[in-house]
>>> print(open('input-v4.csv').read())   # CSV, C-alpha atoms
chain,number,residue,atom,x,y,z
L,28,MET,CA,158.6,107.5,124.4
L,29,ASN,CA,156.8,107.4,121.1
L,30,LYS,CA,156.5,104.0,119.4
L,31,SER,CA,156.0,103.3,115.8
L,32,SER,CA,152.4,103.0,115.0
L,33,LYS,CA,151.3,99.4,114.3
L,34,ASN,CA,148.4,100.6,112.1
L,35,GLY,CA,150.3,103.4,110.4
L,36,GLN,CA,148.3,106.1,112.0
L,37,LYS,CA,150.1,109.5,112.2
L,38,VAL,CA,149.5,112.7,114.1
L,39,LEU,CA,150.8,116.1,113.0
L,40,VAL,CA,151.5,118.1,116.2
L,41,ILE,CA,151.6,121.8,115.3
L,42,LEU,CA,153.7,123.6,117.9
L,43,GLY,CA,154.3,127.3,118.5
L,44,MET,CA,153.8,130.1,120.9
L,45,HIS,CA,150.5,131.9,121.1
L,46,ARG,CA,150.1,134.4,118.2
L,47,SER,CA,152.8,132.7,116.2
L,48,GLY,CA,150.8,131.8,113.1
L,49,THR,CA,149.9,128.2,114.2
L,50,SER,CA,146.2,128.8,113.2
L,51,ALA,CA,147.3,129.6,109.7
L,52,VAL,CA,149.5,126.6,109.5
L,53,SER,CA,146.7,124.4,110.9
L,54,ARG,CA,144.2,125.5,108.2
L,55,VAL,CA,146.7,125.0,105.4
L,56,VAL,CA,147.5,121.4,106.4
L,57,ASN,CA,143.8,120.8,107.0
L,58,LEU,CA,143.1,121.8,103.4
L,59,LEU,CA,145.9,119.4,102.4
L,60,GLY,CA,144.2,116.5,104.1
L,61,VAL,CA,145.0,116.6,107.8
L,62,ASP,CA,142.0,115.8,109.9
L,63,LEU,CA,141.5,118.3,112.7
L,64,GLY,CA,138.2,117.0,113.9
L,65,SER,CA,134.7,118.4,113.6
L,66,SER,CA,134.4,120.0,117.1
L,67,LEU,CA,136.4,123.2,116.5
L,68,LEU,CA,136.6,126.4,118.4
L,69,PRO,CA,134.6,129.1,116.6
L,70,PRO,CA,136.3,132.2,115.1
L,71,ALA,CA,136.8,135.2,117.4
L,72,PRO,CA,137.5,138.9,116.9
L,73,ASP,CA,141.2,138.3,117.5
L,74,ASN,CA,141.3,135.4,115.1
L,75,PRO,CA,138.4,135.9,112.6
L,76,THR,CA,139.6,133.1,110.2
L,77,GLY,CA,139.4,130.5,112.9
L,78,PHE,CA,141.7,128.9,115.5
L,79,TRP,CA,141.5,125.4,114.0
L,80,GLU,CA,141.7,123.9,117.5
L,81,HIS,CA,139.7,121.0,118.8
L,82,LYS,CA,137.3,122.5,121.4
L,83,GLU,CA,137.3,119.6,123.9
L,84,ILE,CA,141.1,119.1,123.7
L,85,VAL,CA,141.6,122.8,124.4
L,86,GLU,CA,139.3,122.5,127.4
L,87,ILE,CA,141.2,119.6,128.8
L,88,ASN,CA,144.5,121.3,128.2
L,89,GLU,CA,143.2,124.3,130.1
L,90,ARG,CA,142.1,121.9,132.8
L,91,LEU,CA,145.6,120.4,133.0
L,92,PHE,CA,147.0,123.9,133.8
L,93,TYR,CA,144.3,124.5,136.3
L,94,VAL,CA,144.9,121.3,138.2
L,95,LEU,CA,148.6,122.2,138.3
L,96,GLY,CA,147.8,125.6,139.7
L,97,ARG,CA,149.0,127.4,136.6
L,98,HIS,CA,147.8,129.3,133.6
L,99,TRP,CA,149.5,129.6,130.2
L,100,THR,CA,150.5,133.1,131.3
L,101,SER,CA,152.3,131.8,134.5
L,102,TYR,CA,155.8,132.8,133.7
L,103,LEU,CA,157.6,133.0,137.1
L,104,THR,CA,157.2,129.4,138.1
L,105,SER,CA,157.8,126.3,136.0
L,106,LEU,CA,155.5,123.3,136.0
L,107,PRO,CA,156.0,120.8,138.8
L,108,ASP,CA,158.6,118.2,138.4
L,109,LYS,CA,157.3,115.0,136.8
L,110,TRP,CA,153.8,116.5,136.9
L,111,TRP,CA,152.5,114.1,134.2
L,112,LEU,CA,152.9,111.1,136.6
L,113,ARG,CA,150.4,112.5,139.2
L,114,GLN,CA,147.3,110.5,139.7
L,115,ASP,CA,144.9,113.4,138.9
L,116,ILE,CA,146.8,114.1,135.7
L,117,GLN,CA,146.8,110.5,134.6
L,118,GLU,CA,143.0,110.6,135.0
L,119,LEU,CA,142.9,113.5,132.5
L,120,GLN,CA,145.3,111.5,130.3
L,121,GLN,CA,142.7,108.7,130.0
L,122,ARG,CA,140.1,111.3,129.1
L,123,LEU,CA,142.3,112.4,126.3
L,124,VAL,CA,143.0,108.9,125.1
L,125,GLY,CA,139.2,108.2,124.9
L,126,LEU,CA,138.6,111.5,123.1
L,127,VAL,CA,141.3,110.9,120.5
L,128,GLN,CA,140.1,107.4,119.9
L,129,ARG,CA,136.5,108.6,119.5
L,130,ASP,CA,137.2,111.5,117.1
L,131,PHE,CA,140.3,110.4,115.3
L,132,GLY,CA,140.3,106.6,115.5
L,133,GLN,CA,139.6,106.2,111.8
L,134,SER,CA,142.0,108.9,110.6
L,135,MET,CA,145.3,107.8,109.2
L,136,LEU,CA,146.6,111.4,109.4
L,137,TRP,CA,145.2,113.7,111.9
L,138,GLY,CA,146.4,117.0,113.4
L,139,LEU,CA,146.6,118.6,116.8
L,140,LYS,CA,147.0,122.3,117.5
L,141,ASP,CA,147.0,124.3,120.7
L,142,PRO,CA,149.9,126.6,121.8
L,143,ARG,CA,149.5,125.0,125.3
L,144,LEU,CA,151.0,121.8,123.7
L,145,CYS,CA,154.4,123.4,123.9
L,146,ARG,CA,154.4,123.0,127.6
L,147,LEU,CA,152.1,119.9,127.9
L,148,LEU,CA,154.1,117.6,125.5
L,149,PRO,CA,155.3,115.1,128.1
L,150,LEU,CA,151.7,114.1,128.8
L,151,TRP,CA,150.7,114.1,125.1
L,152,LEU,CA,153.6,111.9,124.1
L,153,ARG,CA,152.3,109.4,126.6
L,154,VAL,CA,148.8,109.6,125.0
L,155,PHE,CA,150.3,109.0,121.5
L,156,SER,CA,152.4,106.1,122.8
L,157,GLN,CA,149.3,104.5,124.5
L,158,ILE,CA,147.3,104.5,121.3
L,159,ASN,CA,150.3,103.5,119.1
L,160,CYS,CA,150.2,106.7,117.0
L,161,ARG,CA,153.4,108.1,115.5
L,162,ALA,CA,153.9,111.9,116.2
L,163,TYR,CA,155.4,114.3,113.7
L,164,CYS,CA,156.1,117.8,115.0
L,165,LEU,CA,155.9,121.0,113.0
L,166,HIS,CA,157.4,123.9,114.9
L,167,THR,CA,156.1,127.4,113.8
L,168,ILE,CA,158.4,130.3,114.7
L,169,ARG,CA,157.4,133.9,114.5
L,170,ASN,CA,159.4,137.1,115.3
L,171,PRO,CA,159.1,137.4,119.1
L,172,LEU,CA,158.6,141.2,118.8
L,173,GLU,CA,155.5,140.6,116.6
L,174,VAL,CA,154.3,138.0,119.1
L,175,ALA,CA,154.8,140.5,122.0
L,176,ASP,CA,153.0,143.3,120.0
L,177,SER,CA,150.1,140.9,119.4
L,178,LEU,CA,149.9,139.7,123.0
L,179,GLY,CA,150.1,143.3,124.3
L,180,LYS,CA,147.0,144.2,122.2
L,181,ARG,CA,145.0,141.0,122.9
L,182,ASP,CA,146.0,140.2,126.5
L,183,ARG,CA,147.5,143.4,127.8
L,184,LEU,CA,150.7,141.5,128.6
L,185,PRO,CA,153.9,143.7,129.2
L,186,ARG,CA,156.5,143.1,126.5
L,187,ASN,CA,159.0,141.6,128.8
L,188,VAL,CA,156.5,139.1,130.1
L,189,SER,CA,155.6,138.1,126.6
L,190,PHE,CA,159.3,137.5,125.9
L,191,ILE,CA,159.7,135.2,128.8
L,192,LEU,CA,156.5,133.3,127.8
L,193,TRP,CA,157.8,133.0,124.2
L,194,LEU,CA,161.1,131.6,125.4
L,195,GLN,CA,159.4,129.1,127.8
L,196,HIS,CA,157.1,127.8,125.0
L,197,VAL,CA,159.7,127.4,122.3
L,198,LEU,CA,162.4,126.0,124.6
L,199,GLU,CA,160.2,123.3,126.1
L,200,ALA,CA,158.7,122.4,122.7
L,201,GLU,CA,162.2,122.0,121.1
L,202,ARG,CA,163.6,120.0,124.0
L,203,GLU,CA,160.7,117.5,124.2
L,204,THR,CA,160.8,116.8,120.4
L,205,ARG,CA,164.5,116.0,119.9
L,206,ASP,CA,163.8,112.3,119.5
L,207,LEU,CA,160.8,112.7,117.2
L,208,PRO,CA,160.4,113.4,113.5
L,209,ARG,CA,160.2,117.2,113.3
L,210,THR,CA,160.8,120.3,111.2
L,211,PHE,CA,160.8,124.0,111.8
L,212,ILE,CA,159.1,126.7,109.7
L,213,THR,CA,158.7,130.4,110.1
L,214,TYR,CA,155.4,132.3,109.8
L,215,ASP,CA,157.1,134.7,107.4
L,216,ARG,CA,158.1,131.9,105.0
L,217,LEU,CA,154.6,130.4,105.1
L,218,LEU,CA,153.1,133.7,104.0
L,219,GLU,CA,155.8,134.3,101.4
L,220,ASP,CA,155.7,130.8,99.8
L,221,TRP,CA,153.4,128.3,101.4
L,222,ARG,CA,153.9,125.7,98.7
L,223,SER,CA,157.6,125.3,99.2
L,224,THR,CA,157.1,125.4,103.0
L,225,VAL,CA,154.7,122.5,103.0
L,226,ARG,CA,156.8,120.6,100.5
L,227,GLY,CA,159.8,121.0,102.7
L,228,ALA,CA,157.8,119.7,105.7
L,229,ALA,CA,156.6,116.7,103.8
L,230,LYS,CA,160.2,116.0,102.7
L,231,ALA,CA,161.4,116.2,106.3
L,232,PHE,CA,158.7,113.7,107.3
L,233,HIS,CA,159.2,111.4,104.4
L,234,TRP,CA,155.6,111.6,103.2
L,235,ASP,CA,153.8,113.5,100.4
L,236,TRP,CA,150.5,115.4,100.1
L,237,ASP,CA,149.1,113.2,97.3
L,238,ASP,CA,149.1,116.0,94.8
L,239,ALA,CA,146.8,118.0,97.1
L,240,ILE,CA,148.9,121.1,96.7
L,241,ASP,CA,147.8,121.7,93.2
L,242,VAL,CA,144.2,120.8,94.0
L,243,VAL,CA,143.7,123.1,97.0
L,244,GLY,CA,146.1,125.8,95.9
L,245,PRO,CA,143.4,128.4,95.1
L,246,GLN,CA,141.8,127.8,98.5
L,247,VAL,CA,145.0,128.2,100.4
L,248,ASP,CA,145.9,131.3,98.4
L,249,ALA,CA,142.6,132.9,99.3
L,250,PHE,CA,142.9,131.9,103.0
L,251,LEU,CA,146.5,133.3,103.4
L,252,ASN,CA,145.4,136.8,102.8
L,253,PRO,CA,148.4,139.1,103.7
L,254,ARG,CA,146.0,141.8,104.9
L,255,MET,CA,145.0,139.6,107.8
L,256,ARG,CA,148.5,139.9,109.2
L,257,HIS,CA,149.1,142.5,111.9
L,258,HIS,CA,152.3,143.6,113.7
L,259,ASP,CA,154.5,142.9,110.6
L,260,ARG,CA,158.2,143.5,111.2
L,261,THR,CA,159.7,141.6,108.4
L,262,SER,CA,161.4,144.7,106.8
L,263,ASN,CA,163.4,145.4,110.0
L,264,LEU,CA,164.6,142.0,111.0
L,265,GLN,CA,168.3,142.9,111.7
L,266,LYS,CA,167.2,145.9,113.6
L,267,ASP,CA,164.8,143.8,115.6
L,268,TYR,CA,167.6,141.5,116.8
L,269,GLY,CA,169.1,144.5,118.5
L,270,SER,CA,165.7,145.4,120.0
L,271,MET,CA,165.3,142.0,121.7
L,272,PRO,CA,166.8,140.9,125.0
L,273,GLY,CA,170.0,138.9,124.3
L,274,LEU,CA,168.4,135.5,125.3
L,275,VAL,CA,165.4,136.1,123.0
L,276,ALA,CA,167.6,137.2,120.1
L,277,ALA,CA,169.9,134.1,120.5
L,278,ALA,CA,167.0,131.7,120.6
L,279,TYR,CA,165.2,133.3,117.7
L,280,GLU,CA,168.3,133.5,115.5
L,281,VAL,CA,169.1,129.8,116.0
L,282,LEU,CA,165.4,128.8,115.4
L,283,VAL,CA,165.3,130.7,112.1
L,284,ARG,CA,168.5,128.9,111.1
L,285,ALA,CA,166.8,125.6,112.0
L,286,SER,CA,163.9,126.5,109.6
L,287,THR,CA,166.5,126.5,106.8
L,288,GLY,CA,167.6,123.0,107.8
L,289,ASP,CA,170.6,124.0,109.9
L,290,GLU,CA,170.0,122.4,113.3
L,291,GLU,CA,173.7,121.9,114.1
L,292,SER,CA,173.9,124.2,117.1
L,293,LEU,CA,170.2,124.3,117.9
L,294,ALA,CA,170.2,122.1,121.0
L,295,THR,CA,173.4,123.5,122.4
L,296,VAL,CA,172.3,127.2,122.1
L,297,LEU,CA,168.8,126.6,123.4
L,298,ASP,CA,170.0,124.6,126.4
L,299,GLY,CA,172.3,127.5,127.3
L,300,VAL,CA,169.4,130.0,126.9
L,301,SER,CA,167.3,127.8,129.1
L,302,LEU,CA,169.9,127.7,131.9
L,303,GLU,CA,170.3,131.5,131.8
L,304,LEU,CA,166.6,132.1,131.7
L,305,ASN,CA,165.9,129.8,134.7
L,306,ALA,CA,168.7,131.4,136.7
L,307,GLY,CA,167.3,134.8,135.9
L,308,LEU,CA,163.8,133.8,137.0
L,309,ARG,CA,165.0,132.3,140.2
L,310,SER,CA,166.7,135.5,141.2
L,311,SER,CA,163.5,137.4,140.2
L,312,VAL,CA,165.8,139.8,138.3
L,313,GLY,CA,167.6,139.3,135.0
L,314,GLU,CA,168.2,140.4,131.5
L,315,LEU,CA,164.6,140.1,130.6
L,316,VAL,CA,163.1,142.0,133.6
L,317,VAL,CA,164.2,145.6,133.3
L,318,PRO,CA,164.5,146.9,136.9
L,319,GLU,CA,162.7,150.1,136.4
L,320,LEU,CA,159.7,148.2,134.9
L,321,GLU,CA,159.5,145.5,137.6
L,322,SER,CA,156.8,147.1,139.7
L,323,GLN,CA,154.8,147.9,136.6
L,324,ILE,CA,155.1,144.3,135.3
L,325,SER,CA,154.2,142.9,138.7
L,326,ARG,CA,151.0,144.9,138.9
L,327,SER,CA,150.0,144.3,135.4
L,328,TYR,CA,150.7,140.6,135.6
L,329,ALA,CA,148.8,140.2,138.8
L,330,ALA,CA,145.7,141.7,137.2
L,331,ASP,CA,146.1,139.7,134.1
L,332,ALA,CA,146.7,136.5,136.1
L,333,ASP,CA,143.6,137.1,138.1
L,334,LEU,CA,141.6,137.7,135.0
L,335,ALA,CA,143.1,134.7,133.2
L,336,ASP,CA,142.4,132.4,136.2
L,337,LEU,CA,138.7,133.6,136.2
L,338,ASN,CA,138.5,133.0,132.5
L,339,SER,CA,139.9,129.5,132.9
L,340,LYS,CA,137.4,128.7,135.7
L,341,LEU,CA,134.6,130.1,133.5
L,342,THR,CA,135.6,127.9,130.6
L,343,ILE,CA,135.6,124.8,132.9
L,344,CYS,CA,132.2,125.8,134.3
L,345,ARG,CA,130.8,126.3,130.9
L,346,ALA,CA,132.1,122.9,129.8
L,347,GLU,CA,130.5,121.2,132.8
L,348,LEU,CA,127.2,123.0,132.2
L,349,ASP,CA,127.3,121.9,128.6
L,350,ARG,CA,127.9,118.3,129.8
L,351,VAL,CA,125.0,118.4,132.3
L,352,ALA,CA,122.6,120.0,129.8
L,353,GLN,CA,123.1,116.9,127.6
L,354,THR,CA,122.2,114.4,130.3
L,355,TRP,CA,118.9,112.6,130.2
L,356,SER,CA,118.2,113.6,133.9
L,357,TRP,CA,118.5,117.3,133.0
L,358,LYS,CA,116.2,116.9,129.9
L,359,LEU,CA,113.6,114.9,131.8
L,360,THR,CA,113.4,117.4,134.7
L,361,SER,CA,113.0,120.4,132.4
L,362,PRO,CA,109.2,120.6,132.8
L,363,LEU,CA,109.6,120.6,136.6
L,364,ARG,CA,112.0,123.5,136.4
L,365,ARG,CA,109.7,125.5,134.2
L,366,PHE,CA,106.8,124.8,136.5
L,367,TYR,CA,109.0,125.9,139.5
L,368,ASP,CA,110.0,129.1,137.8
L,369,TYR,CA,106.4,129.8,136.9
L,370,TRP,CA,105.2,129.1,140.5
L,371,THR,CA,107.9,131.3,142.0
L,372,ARG,CA,107.1,134.2,139.8
L,373,LYS,CA,103.4,133.9,140.6
L,374,GLN,CA,104.0,133.8,144.4
L,375,ASN,CA,106.1,137.0,144.1
>>> encode(input="input-v4.csv", output="C-alpha cells")
Amino acid sequence: MNKSSKNGQKVLVILGMHRSGTSAVSRVVNLLGVDLGSSLLPPAPDNPTGFWEHKEIVEINERLFYVLGRHWTSYLTSLPDKWWLRQDIQELQQRLVGLVQRDFGQSMLWGLKDPRLCRLLPLWLRVFSQINCRAYCLHTIRNPLEVADSLGKRDRLPRNVSFILWLQHVLEAERETRDLPRTFITYDRLLEDWRSTVRGAAKAFHWDWDDAIDVVGPQVDAFLNPRMRHHDRTSNLQKDYGSMPGLVAAAYEVLVRASTGDEESLATVLDGVSLELNAGLRSSVGELVVPELESQISRSYAADADLADLNSKLTICRAELDRVAQTWSWKLTSPLRRFYDYWTRKQN
C-alpha cells in the first residue's frame, strides 16, 4: 500500500497499546528531531509528562471509532470488514490528508502517536500513500500485566478485558505492518538504556539521528525519570508468564524476542494467537474469559462502555463547539447574545 516518498518525506508511526509507554517513546524521538506538531494534547493526571499526541488527529481517530459504532474499549466485536472503504470513512480520510499536509507538509521527518492507530492502520496507510509519505513503524511493547494494572486503575477495566484489548491492539498492529520498515522495542529496555534503543531503531530504519543523541542526552535523561513508572513487574518476568492467559503469554514472549531482532516465528505465532482469540470471542467463552468472572466482567464492561461512549460524544461536541467558536458568524453575533442574556435576566 505504501509507496516510496517522491520528496523523501518520512513519518515515524509509534504503535502500542494504551499504557504501554508510547508517550515516553514519542517524547524521546521528538527531542531527537521528530516533528510531532504544535497542537498537542495537554498533560493529565494519568500522564503528567504529556501524551505527545496531536489533538486534532486524536479527535478524528475517536470520530472514526464513533462512526463505526465502536470505542477503543470495544473488545467483543471486531471492526467491520473493509471499513476503510466506506464513504463516510473516506470523507474522514480526506480530512486527515488535509490536516497532515497543513501541519507536517514542510517536515521531512514527522511522527504520529495514538494507541488507536493500532486498529486504524488500514486507513492511515491510505493517507500516507495519498500524500507520498514513507511510513516507518516503531512498535512499543510492555508487559501486559503492567498494562492491565494501569488500565484497571485509570479506566476500571477488568484484567481479562484488558488482556483481550492488549491482544487486539498488538495483533492488528503487527499484521498491518509486515510489508513496512519496522522495529520492535520494549518499554523496559527504553528505560534501562534509551541510547542503545534509539540507535537500534535508527539502524533498523537505515537512518541516523544526526548526532542528536549526544546533544539532547541530558534532556532525555531528565525526562525518563524512573520514579514516573508505576506498576513495575520487571523483577518477576518469568513468574508473570505463568500469571498470564496462555494466548497473552505466547504473544508477549514472541514480541519480546522480536525486540531483540528475532522475528523468525513472529508472524506464525501471532497468526495462531489471532485465530484462537477470535474463536474464543465468537463463542463468548474462552481461555481469556474465566467463567466465574463472566457476569462481573459483563456488568463492569457495560458501565465502562456507556461512560466511554459518553466521553467520546463529549469530545466530539467540544471539538465542534471549538470550531463554531472560531467562525466569524459566532464572533459577529456575540454582542447580540450578550444583549439577549441581559434582557432575559432583566425580564425575570
>>> atom_distance(input="input-v4.csv", atom1="CA of Asp289 (chain L)", atom2="CA of Tyr214 (chain L)")
17.3 Å
>>> atom_distance(input="input-v4.csv", atom1="CA of Glu199 (chain L)", atom2="CA of Leu144 (chain L)")
9.6 Å
>>> residues_around(input="input-v4.csv", residues="region 151-155 of chain L", least_positions_apart="2", cutoff="8 Å", atoms="only C-alpha atoms", output="list of chain:residue names")
L:Met28, L:Asn29, L:Gln120, L:Gln121, L:Leu123, L:Val124, L:Leu144, L:Leu147, L:Leu148, L:Pro149, L:Gln157, L:Ile158, L:Asn159, L:Cys160, L:Arg161, L:Ala162
>>> closest_residue(input="input-v4.csv", among="L:Ile191, L:Ser156, L:Ser223, L:Val56", to="Leu103 (chain L)", atoms="all atoms listed in the file")
L:Ile191
>>> atom_distance(input="input-v4.csv", atom1="CA of Asn57 (chain L)", atom2="CA of Pro69 (chain L)")
15.7 Å
>>> closest_residue(input="input-v4.csv", among="L:Gln117, L:Asn187, L:Asn252, L:Thr204", to="Ser270 (chain L)", atoms="all atoms listed in the file")
L:Asn187
>>> closest_residue(input="input-v4.csv", among="L:Cys145, L:Val281, L:Leu251, L:Leu112", to="Ser50 (chain L)", atoms="only C-alpha atoms")
L:Leu251
>>> closest_residue(input="input-v4.csv", among="L:His98, L:Arg226, L:Lys82, L:Arg146", to="Glu201 (chain L)", atoms="all atoms listed in the file")
L:Arg146
>>> closest_residue(input="input-v4.csv", among="L:Thr224, L:Asn74, L:Ser292, L:Ser189", to="Leu165 (chain L)", atoms="only C-alpha atoms")
L:Thr224
>>> closest_residue(input="input-v4.csv", among="L:Val127, L:Leu274, L:Leu139, L:Leu192", to="Val296 (chain L)", atoms="only C-alpha atoms")
L:Leu274
>>> residues_around(input="input-v4.csv", residues="Ser65 (chain L)", least_positions_apart="3", cutoff="9 Å", atoms="all atoms listed in the file", output="list in words")
Asp62, His81 and Asp130 of chain L
